[in-house]
Amino acid sequence: MTVHDWHRLPDALDDLADRSLTPKVLLADSYYGSADSMTLTDERSIDLKAPVPTARGGSSGRLTLEDFNLDEAGLVLHCPNGIEPVSASAVRAKLLARFDLAICRKCPDRALCPV
């Protein structure tokens, strides 16, 4: 398949429910392991078994958002080296964290960092 169709999952689950075929467990590939898919299946009492997709940077050895410490709202509290951002915000589902450049320039992980 050249185009992923995870956005069709609600339609597929509705169709299964309409035919009284809702599964208790749904096995899926990694593209279905997103938080949105998990929430959707949880709401329908379906146990989704799908690997969480590897972050794009993670497969290349780079740091990803998963390496940073976040608060309950999803804002960055600190980087993997314990440095707090100067500011952090979330706008339109995008996270922004600004760090002190003088500190980041000295960081041993600078070449791996997405900041």
# chains A, B, ... in the order shown; residues from 1 in each chain; ligands from 1
call {"tool": "residues_around", "arguments": {"residues": "region 25-27 of chain A", "least_positions_apart": "4", "cutoff": "12 Å", "atoms": "only C-alpha atoms", "output": "count of residues only"}}
result
21
call {"tool": "residues_around", "arguments": {"residues": "Ser89 (chain A)", "least_positions_apart": "2", "cutoff": "12 Å", "atoms": "only C-alpha atoms", "output": "PyMOL selection string"}}
result
chain A and resi 70-71+73-77+85-87+91-98
call {"tool": "closest_residue", "arguments": {"among": "A:Leu101, A:Ala17, A:Ala35, A:Leu112", "to": "Pro80 (chain A)", "atoms": "only C-alpha atoms"}}
result
A:Leu112
call {"tool": "residues_around", "arguments": {"residues": "Leu65 (chain A)", "least_positions_apart": "2", "cutoff": "9 Å", "atoms": "only C-alpha atoms", "output": "PyMOL selection string"}}
result
chain A and resi 55+63+67-70+76+114
call {"tool": "write_last_selection", "arguments": {"atoms": "all heavy atoms", "output": "CSV table (one decimal), in the first residue's frame"}}
result
chain,number,residue,atom,x,y,z
A,55,ALA,N,9.2,7.0,16.1
A,55,ALA,CA,9.3,8.4,15.7
A,55,ALA,C,10.3,8.5,14.5
A,55,ALA,O,11.3,7.8,14.5
A,55,ALA,CB,9.8,9.2,16.9
A,63,LEU,N,17.4,12.4,18.6
A,63,LEU,CA,16.4,12.5,19.7
A,63,LEU,C,15.1,12.9,19.2
A,63,LEU,O,15.0,13.6,18.1
A,63,LEU,CB,16.9,13.6,20.7
A,63,LEU,CG,18.2,13.4,21.4
A,63,LEU,CD1,18.6,14.6,22.2
A,63,LEU,CD2,18.1,12.2,22.4
A,67,ASP,N,11.9,11.6,23.9
A,67,ASP,CA,13.0,11.7,24.8
A,67,ASP,C,13.0,12.9,25.8
A,67,ASP,O,13.7,12.9,26.7
A,67,ASP,CB,14.3,11.8,23.9
A,67,ASP,CG,14.5,10.6,23.1
A,67,ASP,OD1,14.5,9.5,23.6
A,67,ASP,OD2,14.7,10.8,21.8
A,68,PHE,N,12.1,13.8,25.5
A,68,PHE,CA,11.9,15.0,26.4
A,68,PHE,C,10.9,14.7,27.5
A,68,PHE,O,10.0,13.9,27.3
A,68,PHE,CB,11.5,16.2,25.5
A,68,PHE,CG,12.6,16.7,24.7
A,68,PHE,CD1,13.0,16.0,23.6
A,68,PHE,CD2,13.2,17.9,25.0
A,68,PHE,CE1,14.0,16.5,22.7
A,68,PHE,CE2,14.2,18.4,24.1
A,68,PHE,CZ,14.6,17.7,23.0
A,69,ASN,N,11.0,15.4,28.6
A,69,ASN,CA,10.1,15.3,29.7
A,69,ASN,C,9.0,16.3,29.5
A,69,ASN,O,9.3,17.5,29.4
A,69,ASN,CB,10.8,15.5,31.0
A,69,ASN,CG,9.9,15.1,32.2
A,69,ASN,OD1,8.9,15.8,32.4
A,69,ASN,ND2,10.3,14.1,33.0
A,70,LEU,N,7.7,15.8,29.5
A,70,LEU,CA,6.6,16.7,29.2
A,70,LEU,C,5.7,16.7,30.5
A,70,LEU,O,5.6,15.8,31.2
A,70,LEU,CB,5.8,16.2,28.0
A,70,LEU,CG,6.5,15.9,26.7
A,70,LEU,CD1,5.6,15.4,25.7
A,70,LEU,CD2,7.2,17.1,26.2
A,76,VAL,N,6.9,20.9,27.1
A,76,VAL,CA,8.2,20.4,27.5
A,76,VAL,C,8.7,21.0,28.8
A,76,VAL,O,8.7,22.2,29.0
A,76,VAL,CB,9.3,20.8,26.4
A,76,VAL,CG1,10.7,20.4,26.8
A,76,VAL,CG2,8.9,20.2,25.0
A,114,PRO,N,16.5,17.8,18.1
A,114,PRO,CA,15.6,18.5,17.1
A,114,PRO,C,15.3,20.0,17.4
A,114,PRO,O,14.7,20.6,16.7
A,114,PRO,CB,14.3,17.7,17.3
A,114,PRO,CG,14.3,17.3,18.7
A,114,PRO,CD,15.8,17.0,19.1
